[in-house]
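Undergrad: Just target.cif, nothing more (mmCIF, C-alpha atoms):
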```
data_model
loop_
_atom_site.label_atom_id
_atom_site.label_comp_id
_atom_site.auth_asym_id
_atom_site.auth_seq_id
_atom_site.Cartn_x
_atom_site.Cartn_y
_atom_site.Cartn_z
CA MET A 9 0.00 0.00 0.00
CA ASN A 10 1.18 3.51 -0.78
CA PHE A 11 -0.12 5.65 2.06
CA THR A 12 1.87 8.68 0.92
CA GLU A 13 0.35 8.57 -2.56
CA GLY A 14 -3.14 7.84 -1.27
CA GLU A 15 -5.16 5.08 0.41
CA PHE A 16 -8.49 4.62 2.19
CA ILE A 17 -8.53 3.15 5.70
CA TYR A 18 -11.81 2.05 7.27
CA ILE A 19 -11.90 2.33 11.06
CA ASN A 20 -14.56 1.22 13.55
CA LYS A 21 -14.32 4.22 15.87
CA PRO A 22 -14.49 3.23 19.53
CA TYR A 23 -16.83 4.63 22.16
CA ARG A 24 -15.74 7.81 23.97
CA MET A 25 -13.03 8.70 21.44
CA SER A 26 -13.36 11.71 19.14
CA SER A 27 -13.02 11.26 15.39
CA PHE A 28 -9.91 13.45 15.53
CA GLY A 29 -8.51 11.26 18.30
CA ALA A 30 -8.95 8.16 16.14
CA LEU A 31 -7.36 9.95 13.18
CA ALA A 32 -4.41 11.08 15.32
CA TYR A 33 -3.86 7.53 16.60
CA VAL A 34 -3.71 6.20 13.03
CA ARG A 35 -1.61 9.12 11.72
CA THR A 36 1.08 8.64 14.37
CA ARG A 37 1.53 4.96 13.51
CA LEU A 38 1.28 5.48 9.76
CA SER A 39 3.86 8.26 9.81
CA ARG A 40 6.25 6.03 11.75
CA ALA A 41 5.68 3.09 9.38
CA VAL A 42 6.16 5.21 6.24
CA GLY A 43 9.12 7.10 7.69
CA VAL A 44 7.79 10.63 7.47
CA ARG A 45 7.24 13.23 10.18
CA ARG A 46 3.54 13.75 9.51
CA ILE A 47 1.61 11.93 6.81
CA LYS A 48 -1.29 13.76 5.10
CA ILE A 49 -4.59 12.32 6.34
CA GLY A 50 -8.20 13.35 6.87
CA HIS A 51 -11.55 11.78 7.68
CA ALA A 52 -14.84 11.78 5.75
CA GLY A 53 -17.47 12.67 8.33
CA THR A 54 -17.26 13.29 12.07
CA LEU A 55 -18.72 10.87 14.60
CA ASP A 56 -19.61 12.09 18.10
CA PRO A 57 -17.36 10.74 20.88
CA LEU A 58 -20.29 8.70 22.29
CA ALA A 59 -20.95 7.13 18.86
CA THR A 60 -19.16 4.16 17.34
CA GLY A 61 -18.84 2.79 13.84
CA VAL A 62 -17.60 3.54 10.34
CA LEU A 63 -14.97 6.27 10.05
CA ILE A 64 -13.32 6.57 6.63
CA LEU A 65 -9.75 7.88 6.72
CA CYS A 66 -8.15 9.17 3.53
CA THR A 67 -4.39 9.58 3.06
CA GLY A 68 -2.31 11.45 0.50
CA LYS A 69 -4.13 12.45 -2.67
CA ASN A 70 -7.21 10.54 -1.53
CA THR A 71 -7.95 13.43 0.85
CA LYS A 72 -9.37 15.09 -2.27
CA GLN A 73 -12.17 12.48 -2.15
CA ILE A 74 -13.39 13.58 1.30
CA GLU A 75 -16.03 16.00 0.02
CA ARG A 76 -17.43 13.35 -2.33
CA LEU A 77 -17.51 10.70 0.39
CA GLN A 78 -19.38 13.04 2.73
CA LEU A 79 -22.24 13.09 0.21
CA ASP A 80 -22.68 9.31 0.43
CA THR A 81 -25.76 7.86 2.12
CA LYS A 82 -25.21 6.77 5.71
CA GLU A 83 -26.85 4.12 7.87
CA TYR A 84 -27.10 4.19 11.66
CA THR A 85 -28.48 2.05 14.43
CA ALA A 86 -29.56 3.90 17.55
CA THR A 87 -31.22 3.33 20.91
CA LEU A 88 -33.46 6.04 22.36
CA GLN A 89 -34.54 6.43 25.96
CA LEU A 90 -38.09 7.75 25.85
CA GLY A 91 -39.62 9.95 28.54
CA ALA A 92 -36.64 12.19 29.23
CA THR A 93 -34.30 14.71 27.62
CA THR A 94 -30.73 15.93 28.07
CA PRO A 95 -29.17 19.20 26.87
CA SER A 96 -26.98 17.38 24.32
CA TYR A 97 -29.70 14.87 23.28
CA ASP A 98 -27.41 12.02 24.34
CA MET A 99 -25.65 10.73 27.49
CA GLU A 100 -22.93 13.40 27.50
CA HIS A 101 -25.14 15.37 29.90
CA GLU A 102 -27.48 14.43 32.72
CA VAL A 103 -31.26 14.28 32.28
CA ASP A 104 -32.74 17.78 32.54
CA ALA A 105 -36.47 16.96 32.19
CA THR A 106 -38.82 13.98 32.31
CA TYR A 107 -42.12 13.41 30.47
CA PRO A 108 -45.08 11.00 30.51
CA THR A 109 -44.76 7.75 28.55
CA GLU A 110 -47.97 5.89 29.53
CA HIS A 111 -49.61 6.83 26.23
CA ILE A 112 -46.76 5.55 24.03
CA THR A 113 -47.60 2.34 22.17
CA GLU A 114 -45.84 0.41 19.45
CA ALA A 115 -48.51 1.55 16.99
CA LEU A 116 -47.93 5.20 17.92
CA VAL A 117 -44.15 4.80 17.55
CA SER A 118 -44.56 3.23 14.09
CA SER A 119 -46.84 6.05 12.99
CA VAL A 120 -44.47 8.73 14.27
CA LEU A 121 -41.38 7.17 12.70
CA SER A 122 -43.03 7.03 9.27
CA SER A 123 -43.66 10.78 9.45
CA PHE A 124 -39.91 11.45 9.36
CA VAL A 125 -39.25 9.78 5.99
CA GLY A 126 -38.35 12.21 3.21
CA ASP A 127 -36.95 15.74 3.30
CA ILE A 128 -37.43 17.22 6.78
CA GLN A 129 -36.42 20.38 8.61
CA GLN A 130 -33.97 19.70 11.43
CA VAL A 131 -32.31 22.00 13.95
CA PRO A 132 -28.77 20.79 14.75
CA PRO A 133 -27.85 20.19 18.40
CA ALA A 134 -26.50 23.20 20.28
CA TYR A 135 -23.72 20.87 21.47
CA SER A 136 -22.37 20.31 17.95
CA ALA A 137 -19.50 21.38 15.71
CA CYS A 138 -21.75 23.77 13.74
CA LYS A 139 -20.14 27.20 13.41
CA ILE A 140 -21.66 30.44 14.66
CA GLY A 141 -19.64 33.48 13.68
CA GLY A 142 -16.46 31.44 13.46
CA ASP A 143 -16.95 29.64 16.79
CA ARG A 144 -18.10 26.06 17.27
CA ALA A 145 -21.56 25.87 18.82
CA TYR A 146 -20.48 23.40 21.52
CA LYS A 147 -17.68 25.73 22.64
CA LEU A 148 -20.13 28.60 23.01
CA LYS A 149 -22.49 26.38 25.02
CA ARG A 150 -19.70 25.24 27.30
CA ARG A 151 -18.87 28.89 27.95
CA GLY A 152 -22.46 29.38 29.07
CA GLU A 153 -23.52 31.39 26.02
CA GLU A 154 -26.87 31.05 24.29
CA VAL A 155 -26.83 29.18 20.97
CA ALA A 156 -29.52 29.54 18.32
CA LEU A 157 -29.07 27.37 15.24
CA ALA A 158 -31.27 27.67 12.16
CA PRO A 159 -33.14 24.61 10.86
CA LYS A 160 -31.83 22.98 7.71
CA THR A 161 -33.23 20.48 5.25
CA VAL A 162 -31.99 16.91 5.66
CA ARG A 163 -33.11 13.68 4.01
CA ILE A 164 -34.28 10.49 5.73
CA ASP A 165 -34.48 7.62 3.23
CA GLU A 166 -35.51 4.89 5.68
CA ILE A 167 -36.36 4.66 9.35
CA GLU A 168 -37.59 1.54 11.09
CA MET A 169 -38.17 0.28 14.60
CA THR A 170 -35.97 -2.73 15.34
CA ASP A 171 -36.93 -3.15 19.01
CA PHE A 172 -39.21 -1.52 21.58
CA ASP A 173 -38.94 -2.35 25.28
CA THR A 174 -42.16 -1.01 26.77
CA ASP A 175 -41.02 -1.70 30.33
CA LYS A 176 -37.85 0.38 30.03
CA MET A 177 -39.31 2.66 27.34
CA GLN A 178 -36.26 2.09 25.17
CA LEU A 179 -36.65 2.26 21.41
CA SER A 180 -34.13 0.88 18.90
CA ILE A 181 -34.18 2.16 15.32
CA ARG A 182 -32.29 1.83 12.04
CA VAL A 183 -31.92 5.01 9.98
CA VAL A 184 -30.70 5.54 6.41
CA CYS A 185 -30.10 9.21 5.73
CA GLY A 186 -28.27 11.85 3.73
CA LYS A 187 -25.48 14.30 4.54
CA GLY A 188 -25.82 16.56 7.56
CA THR A 189 -28.41 14.53 9.46
CA TYR A 190 -27.95 14.57 13.23
CA ILE A 191 -29.33 11.40 14.79
CA ARG A 192 -29.28 13.17 18.17
CA SER A 193 -31.63 15.82 16.77
CA LEU A 194 -33.75 13.08 15.23
CA ALA A 195 -34.07 11.47 18.69
CA ARG A 196 -35.15 14.81 20.17
CA ASP A 197 -37.73 15.30 17.42
CA ILE A 198 -39.09 11.76 17.74
CA GLY A 199 -39.58 12.35 21.47
CA HIS A 200 -41.41 15.60 20.76
CA ALA A 201 -43.60 13.94 18.11
CA LEU A 202 -44.54 11.30 20.70
CA ASN A 203 -45.66 14.09 23.06
CA SER A 204 -42.85 13.05 25.36
CA GLY A 205 -39.06 13.29 25.35
CA ALA A 206 -36.16 11.20 24.06
CA TYR A 207 -32.39 11.10 24.03
CA LEU A 208 -29.77 8.73 22.61
CA THR A 209 -28.24 6.03 24.76
CA ALA A 210 -26.38 4.33 21.90
CA LEU A 211 -25.43 5.23 18.33
CA CYS A 212 -23.48 3.31 15.70
CA ARG A 213 -22.78 4.31 12.10
CA THR A 214 -23.04 1.00 10.31
CA ARG A 215 -22.47 2.16 6.73
CA ILE A 216 -21.16 4.99 4.56
CA GLY A 217 -21.97 4.42 0.91
CA ASP A 218 -20.80 0.88 0.12
CA ILE A 219 -18.51 0.65 3.16
CA SER A 220 -20.07 -1.25 6.06
CA ILE A 221 -18.89 -1.78 9.61
CA ASN A 222 -17.84 -5.30 8.59
CA ASP A 223 -15.17 -3.70 6.36
CA CYS A 224 -13.66 -1.78 9.27
CA ILE A 225 -10.64 -2.32 11.51
CA THR A 226 -10.77 -1.65 15.23
CA LEU A 227 -8.06 0.62 16.65
CA ASP A 228 -6.92 -2.27 18.82
CA ASP A 229 -6.29 -4.33 15.67
CA PHE A 230 -4.81 -1.47 13.64
CA PRO A 231 -1.12 -1.92 14.66
CA GLN A 232 -1.18 -5.59 13.63
CA TRP A 233 -3.08 -4.76 10.44
CA LEU A 234 -0.48 -2.14 9.56
CA GLU A 235 2.37 -4.54 10.29
CA ASN A 236 0.84 -7.02 7.81
CA GLN A 237 0.72 -4.48 4.97
CA LYS A 238 3.34 -4.27 2.25
CA ILE A 239 4.18 -0.56 2.26
CA GLU A 240 5.55 1.05 -0.90
#
```
Rewrite the structure from the file as structure tokens, please.

TA:
Amino acid sequence: MNFTEGEFIYINKPYRMSSFGALAYVRTRLSRAVGVRRIKIGHAGTLDPLATGVLILCTGKNTKQIERLQLDTKEYTATLQLGATTPSYDMEHEVDATYPTEHITEALVSSVLSSFVGDIQQVPPAYSACKIGGDRAYKLKRRGEEVALAPKTVRIDEIEMTDFDTDKMQLSIRVVCGKGTYIRSLARDIGHALNSGAYLTALCRTRIGDISINDCITLDDFPQWLENQKIE
């Protein structure tokens, strides 16, 4: 493999690591293996630290493909806790409000999920990397500043319920969507549409375009994988 010229590396990003952290881990070891101070590398689409799954890394001239790859359809699996919300719409923050769930049935969930298929308006999370006047929204929030993000049009191709635990009020879904879709915001909106609340307890990106999680290497396995490669 010629990492300097350009290659794609498919990583299964671990839980509680940032996408940049995963990239940095790979870059350090690649640079050492190739014999350069700092190899050129980028990733095609950020995953939240609390999310796992497909992270495409591009080296060398393949970094020019990042914009194209970001347009590819993505698939996620997610678990939502119904009846409560958090400021970040996931488990990064503590629950800030609780809501009734006695009225939520499987039939109601199915009806609500179907209403999200197609082009929808979605407000990104305040705790996100969206920029406001040059600053990242999450940095403004962490400084205690108010953040107001405008809604944008995103596309949901498929959404289905894969499990619903009525005792715990935990809903598992599979989502196929286009660029820019925040599954955390989708969880928030599903909770609202159910006349309740919801936040993510688990999120995995299982596919980007034709690349599935089965094509990916874990970071634990990456050093051995790299050692097995014939490097030009």

Undergrad: Step by step, work through what the PyMOL selection byres ((chain A and resi 120-137) around 7) selects in the shown file, and finish by giving those residues as a list in words.

TA: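 That expression, the PyMOL selection byres ((chain A and resi 120-137) around 7), corresponds here to Ser96, Leu116, Val117, Ser118, Ser119, Cys138, Lys139, Arg144, Ala145, Tyr146, Lys149, Val155, Leu157, Ala158, Pro159, Lys160, Thr161, Val162, Arg163, Ile164, Asp165, Glu166, Ile167, Glu168, Tyr190, Ser193, Ala201 and Leu202 of chain A.
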
Undergrad: Which of these residues is nearest to Lys72 (chain A), using all atoms listed in the file: A:Glu240, A:Glu15, A:Glu110, A:Asp223?

TA: A:Glu15

Undergrad: Which residues come within 8 Å of Pro57 (chain A), counting all atoms listed in the file, excluding same-chain residues fewer than 2 positions away, as an MDAnalysis selection string?

TA: chainID A and resid 23:27 55 59:60

Undergrad: Leu88 (chain A): which residues within 8 Å, counting only C-alpha atoms, same-chain residues fewer than 3 positions away excluded, as a PyMOL selection string?

TA: chain A and resi 178-180+195+206-210

Undergrad: Write out the residues from the selection above, keeping C-alpha atoms, as a PDB file, in the coordinates of the input.

TA:
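File produced: part24.pdb:
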```
ATOM      1  CA  GLN A 178     -36.260   2.090  25.170  1.00  0.00           C
ATOM      2  CA  LEU A 179     -36.650   2.260  21.410  1.00  0.00           C
ATOM      3  CA  SER A 180     -34.130   0.880  18.900  1.00  0.00           C
ATOM      4  CA  ALA A 195     -34.070  11.470  18.690  1.00  0.00           C
ATOM      5  CA  ALA A 206     -36.160  11.200  24.060  1.00  0.00           C
ATOM      6  CA  TYR A 207     -32.390  11.100  24.030  1.00  0.00           C
ATOM      7  CA  LEU A 208     -29.770   8.730  22.610  1.00  0.00           C
ATOM      8  CA  THR A 209     -28.240   6.030  24.760  1.00  0.00           C
ATOM      9  CA  ALA A 210     -26.380   4.330  21.900  1.00  0.00           C
TER      10      ALA A 210
END
```

Undergrad: Find the residue from A:Ala41, A:Ile17, A:Gly68, A:Thr93 that sits nearest to Arg192 (chain A); use only C-alpha atoms when measuring.

TA: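 So, comparing all the options, the nearest one is A:Thr93.
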
Undergrad: Just say which residues the PyMOL selection byres ((chain A and resi 215) around 10) picks in this file, as a VMD selection string.

TA: chain A and resid 61 to 63 80 to 85 184 212 to 214 216 to 224

Undergrad: Take every atom of region 23-31 of chain A listed in the file, pad by 6 Å on each side, and give me the axis-aligned box centre and edge lengths in Å, one decimal, as lines of an AutoDock Vina configuration file.

TA:
```
center_x = -12.1
center_y = 9.0
center_z = 18.6
size_x = 21.5
size_y = 20.8
size_z = 22.8
```

Undergrad: Find the residues near Cys66 (chain A): any atom within 8 Å, counting all atoms listed in the file, skip ones fewer than 4 places away on the same chain, and give them as a list in words.

TA: Gly14, Glu15, Phe16, Ile17, Ile49, Gly50, His51, Ala52, Asn70, Thr71, Gln73 and Ile74 of chain A

Undergrad: With only C-alpha atoms as the atoms that count, which of A:Pro231, A:Gly142, A:Gly186, A:Gly91 lies nearest to Asn203 (chain A)?

TA: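 Ranked by minimum distance to Asn203 (chain A), first place goes to A:Gly91.
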
Undergrad: Which residues, written as a count of residues only, have at least one atom at most 10 Å from Thr174 (chain A), with all atoms listed in the file counted and residues fewer than 2 positions away on the same chain left out?

TA: 12

Undergrad: Looking at all atoms listed in the file, which of A:Gln89, A:Ser204, A:Asn20, A:Ser39 is the one that sits closest to Leu227 (chain A)?

TA: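 The closest residue to Leu227 (chain A) is A:Asn20.
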